[in-house]
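Q: My file is structure13.txt. It has compact mmCIF, C-alpha atoms and all ligand atoms:
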# COMPACT_ATOMS: atom_id res chain seq x y z
CA MET A 7 -15.11 -8.71 -0.01
CA THR A 8 -15.81 -5.10 0.85
CA GLN A 9 -13.01 -2.58 0.50
CA THR A 10 -12.39 -2.68 4.26
CA GLU A 11 -12.27 -6.47 4.37
CA TYR A 12 -9.98 -6.44 1.40
CA LYS A 13 -7.64 -4.00 3.10
CA ILE A 14 -7.38 -6.21 6.17
CA TYR A 15 -6.75 -9.19 3.94
CA ILE A 16 -3.99 -7.40 1.97
CA ASP A 17 -2.36 -6.11 5.15
CA ASP A 18 -1.78 -9.73 6.07
CA VAL A 19 -0.10 -10.49 2.72
CA ILE A 20 2.12 -7.44 3.15
CA ARG A 21 2.98 -8.54 6.67
CA ARG A 22 4.14 -11.88 5.32
CA VAL A 23 6.36 -10.15 2.74
CA GLU A 24 7.72 -7.85 5.47
CA PHE A 25 8.48 -10.72 7.82
CA SER A 26 10.55 -12.49 5.16
CA ARG A 27 12.36 -9.45 3.86
CA VAL A 28 13.59 -8.27 7.26
CA ARG A 29 14.97 -11.74 7.84
CA VAL A 30 17.29 -10.98 4.90
CA SER A 31 18.07 -7.42 5.97
CA GLY A 32 16.35 -4.19 6.94
CA TYR A 33 17.72 -2.79 3.69
CA HIS A 34 16.35 -5.58 1.54
CA ILE A 35 13.41 -3.97 -0.27
CA VAL A 36 10.90 -6.21 -2.03
CA LYS A 37 8.45 -5.02 -4.62
CA ILE A 38 5.08 -6.72 -5.05
CA VAL A 39 3.72 -7.04 -8.57
CA ALA A 40 0.06 -8.04 -8.37
CA ILE A 41 -0.64 -10.57 -11.12
CA SER A 42 -4.18 -9.83 -12.22
CA LYS A 43 -4.67 -12.62 -14.75
CA TYR A 44 -7.49 -14.28 -12.77
CA SER A 45 -9.10 -10.95 -11.97
CA ILE A 46 -11.22 -8.32 -13.62
CA SER A 47 -10.55 -4.60 -13.81
CA GLU A 48 -12.93 -3.97 -10.92
CA ASP A 49 -10.71 -6.11 -8.64
CA ILE A 50 -7.62 -4.26 -9.86
CA GLU A 51 -9.27 -0.97 -8.98
CA LYS A 52 -9.97 -2.22 -5.45
CA LEU A 53 -6.29 -3.05 -5.00
CA TYR A 54 -5.35 0.30 -6.47
CA ASN A 55 -7.53 2.01 -3.86
CA ILE A 56 -5.55 0.21 -1.16
CA GLY A 57 -2.31 1.51 -2.64
CA GLN A 58 -1.07 -1.15 -5.04
CA ARG A 59 0.40 0.33 -8.25
CA ALA A 60 2.25 -2.47 -10.06
CA PHE A 61 0.16 -5.07 -11.91
CA GLY A 62 1.08 -7.85 -14.27
CA GLU A 63 -0.49 -10.08 -16.88
CA ASN A 64 0.72 -13.15 -18.75
CA LYS A 65 -1.19 -12.72 -22.01
CA VAL A 66 -0.65 -9.75 -24.30
CA GLN A 67 -4.33 -9.57 -25.20
CA ASP A 68 -5.43 -9.47 -21.54
CA LEU A 69 -2.81 -6.88 -20.75
CA LYS A 70 -4.11 -4.73 -23.56
CA VAL A 71 -7.74 -4.99 -22.44
CA LYS A 72 -7.03 -4.18 -18.79
CA ALA A 73 -4.46 -1.47 -19.45
CA THR A 74 -6.98 0.18 -21.76
CA GLU A 75 -9.90 -0.15 -19.33
CA LEU A 76 -7.79 1.31 -16.54
CA LYS A 77 -5.85 3.88 -18.55
CA ASP A 78 -6.95 6.73 -16.28
CA LEU A 79 -5.25 5.21 -13.23
CA PRO A 80 -1.50 5.77 -12.75
CA LEU A 81 -0.67 2.04 -12.86
CA GLU A 82 2.53 0.33 -13.82
CA TRP A 83 2.05 -2.70 -16.09
CA HIS A 84 4.33 -5.72 -16.15
CA PHE A 85 4.26 -8.49 -18.71
CA VAL A 86 5.25 -11.82 -17.14
CA GLY A 87 4.16 -14.34 -19.79
CA ASN A 88 5.80 -16.06 -22.68
CA LEU A 89 6.01 -13.71 -25.66
CA GLN A 90 5.32 -15.07 -29.14
CA LYS A 91 7.13 -13.28 -31.93
CA ASN A 92 3.89 -12.33 -33.65
CA LYS A 93 2.73 -10.53 -30.48
CA ILE A 94 5.81 -8.32 -30.03
CA ASN A 95 4.24 -5.31 -31.72
CA ASN A 96 1.08 -5.63 -29.64
CA LEU A 97 3.15 -5.68 -26.48
CA LEU A 98 5.22 -2.67 -27.53
CA ASP A 99 2.03 -0.71 -28.26
CA ILE A 100 1.29 -0.95 -24.53
CA ASN A 101 4.85 0.04 -23.61
CA PRO A 102 4.96 -2.00 -20.38
CA THR A 103 7.11 -1.02 -17.41
CA LEU A 104 8.94 -4.34 -17.38
CA PHE A 105 8.96 -7.50 -19.50
CA HIS A 106 9.89 -10.40 -17.19
CA ALA A 107 10.16 -13.32 -19.56
CA LEU A 108 12.76 -12.90 -22.28
CA ASP A 109 13.69 -16.54 -22.85
CA SER A 110 15.97 -16.85 -25.87
CA VAL A 111 18.55 -15.01 -27.97
CA GLU A 112 16.31 -15.53 -30.95
CA LEU A 113 13.43 -13.67 -29.29
CA ALA A 114 15.85 -10.97 -28.12
CA LEU A 115 17.06 -10.33 -31.68
CA GLU A 116 13.50 -10.11 -32.96
CA LEU A 117 12.52 -7.80 -30.10
CA GLN A 118 15.60 -5.65 -30.75
CA LYS A 119 14.58 -5.19 -34.40
CA LYS A 120 11.09 -4.06 -33.46
CA LEU A 121 12.35 -1.75 -30.71
CA GLU A 122 14.88 -0.16 -33.01
CA ALA A 123 12.24 0.43 -35.69
CA ARG A 124 10.14 2.29 -33.11
CA ASP A 125 13.11 4.04 -31.58
CA MET A 126 12.16 2.80 -28.13
CA THR A 127 13.76 0.77 -25.35
CA LEU A 128 12.26 -1.86 -23.06
CA ASP A 129 13.26 -2.79 -19.53
CA THR A 130 13.53 -6.57 -19.56
CA LEU A 131 14.47 -9.56 -17.40
CA LEU A 132 16.06 -12.76 -18.66
CA GLN A 133 13.97 -15.76 -17.64
CA ILE A 134 15.98 -18.66 -16.28
CA ASN A 135 14.66 -22.21 -16.17
CA SER A 136 16.52 -22.89 -12.94
CA ALA A 137 14.87 -26.21 -12.21
CA LYS A 138 15.41 -27.33 -15.83
CA GLU A 139 11.79 -28.30 -16.28
CA GLU A 140 10.51 -29.40 -19.66
CA SER A 141 7.26 -27.51 -19.11
CA LYS A 142 8.93 -24.17 -18.41
CA HIS A 143 10.37 -21.46 -20.56
CA GLY A 144 13.70 -19.82 -19.89
CA VAL A 145 17.37 -20.29 -20.60
CA MET A 146 19.33 -23.04 -18.86
CA PRO A 147 21.29 -21.88 -15.82
CA GLU A 148 24.66 -22.99 -17.26
CA VAL A 149 24.37 -20.63 -20.22
CA ALA A 150 22.42 -17.79 -18.57
CA ARG A 151 25.42 -15.53 -17.88
CA GLU A 152 26.73 -15.93 -21.40
CA ILE A 153 23.33 -15.26 -22.98
CA TYR A 154 22.75 -12.24 -20.73
CA LYS A 155 26.05 -10.79 -21.91
CA GLN A 156 25.32 -11.59 -25.54
CA ILE A 157 21.95 -9.80 -25.37
CA GLN A 158 23.57 -6.82 -23.66
CA ASP A 159 26.14 -6.66 -26.47
CA GLU A 160 23.84 -7.27 -29.42
CA CYS A 161 20.57 -5.65 -28.37
CA PRO A 162 21.14 -2.03 -27.35
CA ASN A 163 17.39 -1.29 -27.18
CA ILE A 164 16.77 -4.06 -24.66
CA ASN A 165 17.58 -2.77 -21.19
CA LEU A 166 18.44 -5.90 -19.25
CA ARG A 167 17.68 -5.22 -15.60
CA GLY A 168 18.08 -8.70 -14.10
CA VAL A 169 16.48 -12.11 -14.04
CA MET A 170 13.15 -13.87 -13.53
CA SER A 171 12.45 -17.43 -12.56
CA ILE A 172 9.53 -19.61 -11.55
CA GLY A 173 10.27 -21.86 -8.55
CA ALA A 174 10.60 -25.59 -9.10
CA HIS A 175 7.30 -27.42 -9.36
CA SER A 176 7.70 -29.62 -6.31
CA ASP A 177 6.25 -30.35 -2.88
CA ASP A 178 9.77 -30.53 -1.51
CA ARG A 179 10.79 -27.14 -0.14
CA ALA A 180 14.46 -28.04 -0.48
CA VAL A 181 14.02 -28.56 -4.22
CA ILE A 182 12.20 -25.22 -4.61
CA LYS A 183 14.85 -23.50 -2.50
CA LYS A 184 17.61 -24.92 -4.67
CA SER A 185 15.96 -23.49 -7.79
CA PHE A 186 15.76 -20.04 -6.18
CA GLU A 187 19.38 -20.24 -5.05
CA THR A 188 20.48 -21.19 -8.55
CA THR A 189 18.72 -18.09 -9.91
CA TYR A 190 20.09 -15.82 -7.20
CA ASP A 191 23.67 -17.03 -7.74
CA ILE A 192 23.42 -16.09 -11.42
CA TYR A 193 21.76 -12.74 -10.62
CA LYS A 194 24.55 -11.76 -8.21
CA GLU A 195 27.19 -12.15 -10.87
CA LEU A 196 25.49 -10.18 -13.62
CA ASP A 197 26.80 -6.81 -14.61
CA GLY A 198 24.39 -4.05 -13.56
CA ALA A 199 21.50 -6.34 -12.66
CA THR A 200 19.18 -4.90 -10.00
CA ILE A 201 16.01 -7.01 -10.25
CA CYS A 202 15.64 -10.61 -9.16
CA SER A 203 12.01 -11.52 -9.87
CA MET A 204 11.06 -14.77 -8.18
CA GLY A 205 8.33 -15.98 -5.87
CA MET A 206 4.62 -16.54 -6.47
CA SER A 207 1.66 -17.09 -4.12
CA GLY A 208 2.82 -20.53 -2.99
CA ASP A 209 6.50 -19.83 -2.46
CA PHE A 210 7.15 -16.09 -2.13
CA GLU A 211 8.46 -16.20 1.44
CA LEU A 212 11.08 -18.75 0.51
CA ALA A 213 11.96 -16.78 -2.64
CA ILE A 214 12.49 -13.58 -0.62
CA GLU A 215 14.69 -15.42 1.87
CA CYS A 216 16.75 -16.61 -1.11
CA GLY A 217 17.27 -13.02 -2.29
CA SER A 218 14.28 -12.17 -4.47
CA ASN A 219 13.48 -8.46 -4.57
CA MET A 220 10.38 -8.69 -6.77
CA VAL A 221 7.52 -11.11 -6.13
CA ARG A 222 4.73 -11.83 -8.58
CA LEU A 223 1.63 -12.50 -6.55
CA GLY A 224 -1.58 -13.57 -8.22
CA SER A 225 -4.04 -15.68 -6.27
CA VAL A 226 -2.86 -14.52 -2.84
CA MET A 227 -3.18 -10.82 -3.76
CA PHE A 228 -6.67 -11.16 -5.14
CA ASN A 229 -7.83 -13.81 -2.65
CA LYS A 230 -8.71 -16.25 -5.46
C1 LIG A 301 0.25 -16.53 -12.88
C2 LIG A 301 1.65 -16.13 -12.69
C3 LIG A 301 2.09 -15.67 -11.44
C4 LIG A 301 1.20 -15.58 -10.22
O1 LIG A 301 0.78 -16.85 -9.82
P1 LIG A 301 0.11 -17.11 -8.39
O2 LIG A 301 0.53 -18.49 -8.05
O3 LIG A 301 -1.34 -16.96 -8.58
O4 LIG A 301 0.67 -16.13 -7.44
C5 LIG A 301 3.42 -15.29 -11.34
N1 LIG A 301 4.26 -15.37 -12.39
C6 LIG A 301 3.88 -15.80 -13.59
C7 LIG A 301 4.87 -15.86 -14.69
C8 LIG A 301 2.56 -16.22 -13.78
O5 LIG A 301 2.18 -16.67 -14.99
Show how you would write the structure in this file as structure tokens.

A:
Amino acid sequence: MTQTEYKIYIDDVIRRVEFSRVRVSGYHIVKIVAISKYSISEDIEKLYNIGQRAFGENKVQDLKVKATELKDLPLEWHFVGNLQKNKINNLLDINPTLFHALDSVELALELQKKLEARDMTLDTLLQINSAKEESKHGVMPEVAREIYKQIQDECPNINLRGVMSIGAHSDDRAVIKKSFETTYDIYKELDGATICSMGMSGDFELAIECGSNMVRLGSVMFNK
């Protein structure tokens, strides 16, 4: 697509986000994080030229490559993937804007150690496995509040800002909706939480209507 065609295409995605968010409230602001994992730096630059600033990756190595290639642009980088303990230092080298997928106390304690050693803090979301799927990472919804509190108490260098969840893997909208509602109910009760990251290309409108204020859009943003 040319830049102009791309702009028209993106305007439509933004319109869809707008339509859903005003159904919640005129004051309900939703941030789009463009997930660039299927895209090359050239595509990211095209989106940047249209005005997009927040981008995300799900592999530390890919994040490093793209953040380095595009270091001259004022972009904000999110890390949305599962973080292995042996990759923590690589992630911290990049100093991302937000880590979406903290999924255990064990990882939090390890992350805390590394953050403390570097005298830095990291804005982070607790990932919740709201649909309780074997294939997904995240803490179980029943223990999410307790774990959130524990991390807040024991990990002063981790700035917990809210929660992240991936919608249920289902063709049944009611099942997906239920998983978003489960996440939102937990989010609402958390002390100081301001970010509820849920919704991807296939389900972002539903996620926003369930209270999401941060959507992670990959294929739909890059027209893949
Ligand atoms: C890939 C990915 C996305 C974006 O997926 P799309 O369906 O392409 O929008 C969002 N969140 C996470 C955690 C991902 O890994």

Q: Check which residues of chain A sit at most 12 Å from ligand LIG 301 (chain A) using all atoms listed in the file, and return one row each with the closest pair of atoms and their distance in Å to one decimal, ordered by chain and rising number, as CSV.

A:
residue,atom,partner,partner_atom,distance
A:Val19,CA,A:LIG301,O4,11.6
A:Ile38,CA,A:LIG301,O4,10.7
A:Val39,CA,A:LIG301,C5,8.7
A:Ala40,CA,A:LIG301,C4,7.8
A:Ile41,CA,A:LIG301,C4,5.4
A:Ser42,CA,A:LIG301,C1,8.1
A:Lys43,CA,A:LIG301,C1,6.6
A:Tyr44,CA,A:LIG301,O3,7.9
A:Ser45,CA,A:LIG301,O3,10.4
A:Phe61,CA,A:LIG301,C4,10.7
A:Gly62,CA,A:LIG301,C5,8.3
A:Glu63,CA,A:LIG301,O5,7.4
A:Asn64,CA,A:LIG301,O5,5.4
A:Lys65,CA,A:LIG301,O5,8.7
A:Val66,CA,A:LIG301,O5,11.9
A:His84,CA,A:LIG301,C7,10.3
A:Phe85,CA,A:LIG301,C7,8.4
A:Val86,CA,A:LIG301,C7,4.7
A:Gly87,CA,A:LIG301,C7,5.4
A:Asn88,CA,A:LIG301,C7,8.0
A:Leu89,CA,A:LIG301,C7,11.2
A:Phe105,CA,A:LIG301,C7,10.5
A:His106,CA,A:LIG301,C7,7.8
A:Ala107,CA,A:LIG301,C7,7.6
A:Leu108,CA,A:LIG301,C7,11.3
A:Leu131,CA,A:LIG301,C7,11.8
A:Gln133,CA,A:LIG301,C7,9.6
A:Ile134,CA,A:LIG301,C7,11.6
A:Asn135,CA,A:LIG301,C7,11.8
A:Lys142,CA,A:LIG301,C7,10.0
A:His143,CA,A:LIG301,C7,9.8
A:Gly144,CA,A:LIG301,C7,11.0
A:Met170,CA,A:LIG301,C7,8.6
A:Ser171,CA,A:LIG301,C7,8.0
A:Ile172,CA,A:LIG301,C7,6.8
A:Gly173,CA,A:LIG301,N1,9.6
A:His175,CA,A:LIG301,O2,11.3
A:Ser203,CA,A:LIG301,N1,9.0
A:Met204,CA,A:LIG301,N1,8.0
A:Gly205,CA,A:LIG301,C5,7.4
A:Met206,CA,A:LIG301,O4,4.1
A:Ser207,CA,A:LIG301,O4,3.6
A:Gly208,CA,A:LIG301,O2,5.9
A:Asp209,CA,A:LIG301,O2,8.3
A:Phe210,CA,A:LIG301,O4,8.4
A:Glu211,CA,A:LIG301,O4,11.8
A:Met220,CA,A:LIG301,C5,10.6
A:Val221,CA,A:LIG301,C5,7.8
A:Arg222,CA,A:LIG301,C5,4.6
A:Leu223,CA,A:LIG301,O4,3.9
A:Gly224,CA,A:LIG301,O3,3.4
A:Ser225,CA,A:LIG301,O3,3.8
A:Val226,CA,A:LIG301,O4,6.0
A:Met227,CA,A:LIG301,O4,7.5
A:Phe228,CA,A:LIG301,O3,8.6
A:Asn229,CA,A:LIG301,O3,9.3
A:Lys230,CA,A:LIG301,O3,8.0

Q: Pick from A:Met146, A:Leu113, A:Leu196, A:Tyr15: nearest to Cys161 (chain A), with all atoms listed in the file counted?

A: A:Leu113

Q: Report, in Å to a single decimal, how far apart CA of Ile182 (chain A) and CA of Leu166 (chain A) are.

A: 25.0 Å

Q: If you take every atom of region 25-36 of chain A that the file lists and fit an axis-aligned box around them with 6 Å extra on each side, what centre and edge lengths come out in Å to one decimal, as lines of an AutoDock Vina configuration file?

A:
center_x = 13.3
center_y = -7.6
center_z = 2.9
size_x = 21.6
size_y = 21.7
size_z = 21.9

Q: Between A:Ser110, A:Asn95, A:Ser141, A:Gln90, which residue has the minimum interatomic distance to Arg124 (chain A), considering all atoms listed in the file?

A: A:Asn95

Q: Hey, can you check how far CA of Asp129 (chain A) sits from CA of Thr103 (chain A)?

A: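 These two atoms are separated by 6.7 Å.
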
Q: Show me the residues close to (16.3, -5.9, -9.8) - anything with an atom within 9 Å, counting all atoms listed in the file - and format the list as number ranges by chain.

A: A: 131, 167-169, 193, 199-203, 218-220

Q: Please determine, counting only C-alpha atoms, which residue among A:Asp197, A:Glu24, A:Asp159, A:Glu139 has the shortest atom-to-atom distance to Ser185 (chain A).

A: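 With only C-alpha atoms as the atom set, the closest residue is A:Glu139.
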
Q: Fewer than 4 positions away in the same chain doesn't count, so skip those; otherwise give me all residues within 8 Å of region 118-121 of chain A, counting all atoms listed in the file, as a list in words.

A: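 Final neighbour list, sorted by chain and number: Ile94, Asn95, Leu98, Ala114, Asp125, Met126, Thr127, Leu128, Cys161, Pro162, Asn163 and Ile164 of chain A.
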
Q: Considering all atoms listed in the file, state which residue in the set A:Arg21, A:Glu75, A:Met7, A:Leu115 is at the smallest distance from Lys91 (chain A).

A: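 Nearest candidate to Lys91 (chain A) out of A:Arg21, A:Glu75, A:Met7, A:Leu115: A:Leu115.
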
Q: Could you work out how far CA of Lys52 (chain A) lies from CA of Gln9 (chain A), giving the answer in Å with one decimal?

A: 6.7 Å

Q: Between A:Ser26, A:Gln156, A:Ser47, A:Asn165, single out the one closest to Asp68 (chain A), counting all atoms listed in the file.

A: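 Looking at the shortest contact to Asp68 (chain A), the residue is A:Ser47.
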
Q: Between A:Ile153, A:Leu104, A:Ile56, A:Val111, which one has atoms that come closest to Thr130 (chain A), using all atoms listed in the file?

A: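 Residue with the minimum atom-to-atom distance to Thr130 (chain A): A:Leu104.
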
Q: Give me the residues near Asn55 (chain A) as a list in words, where near means some atom within 12 Å (using all atoms listed in the file) and where sequence neighbours in that chain fewer than 3 positions away do not count.

A: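 Residues meeting the cut-off are Thr8, Gln9, Thr10, Tyr12, Lys13, Ile16, Glu48, Asp49, Ile50, Glu51, Lys52, Gln58, Arg59, Leu79, Pro80 and Leu81 of chain A.
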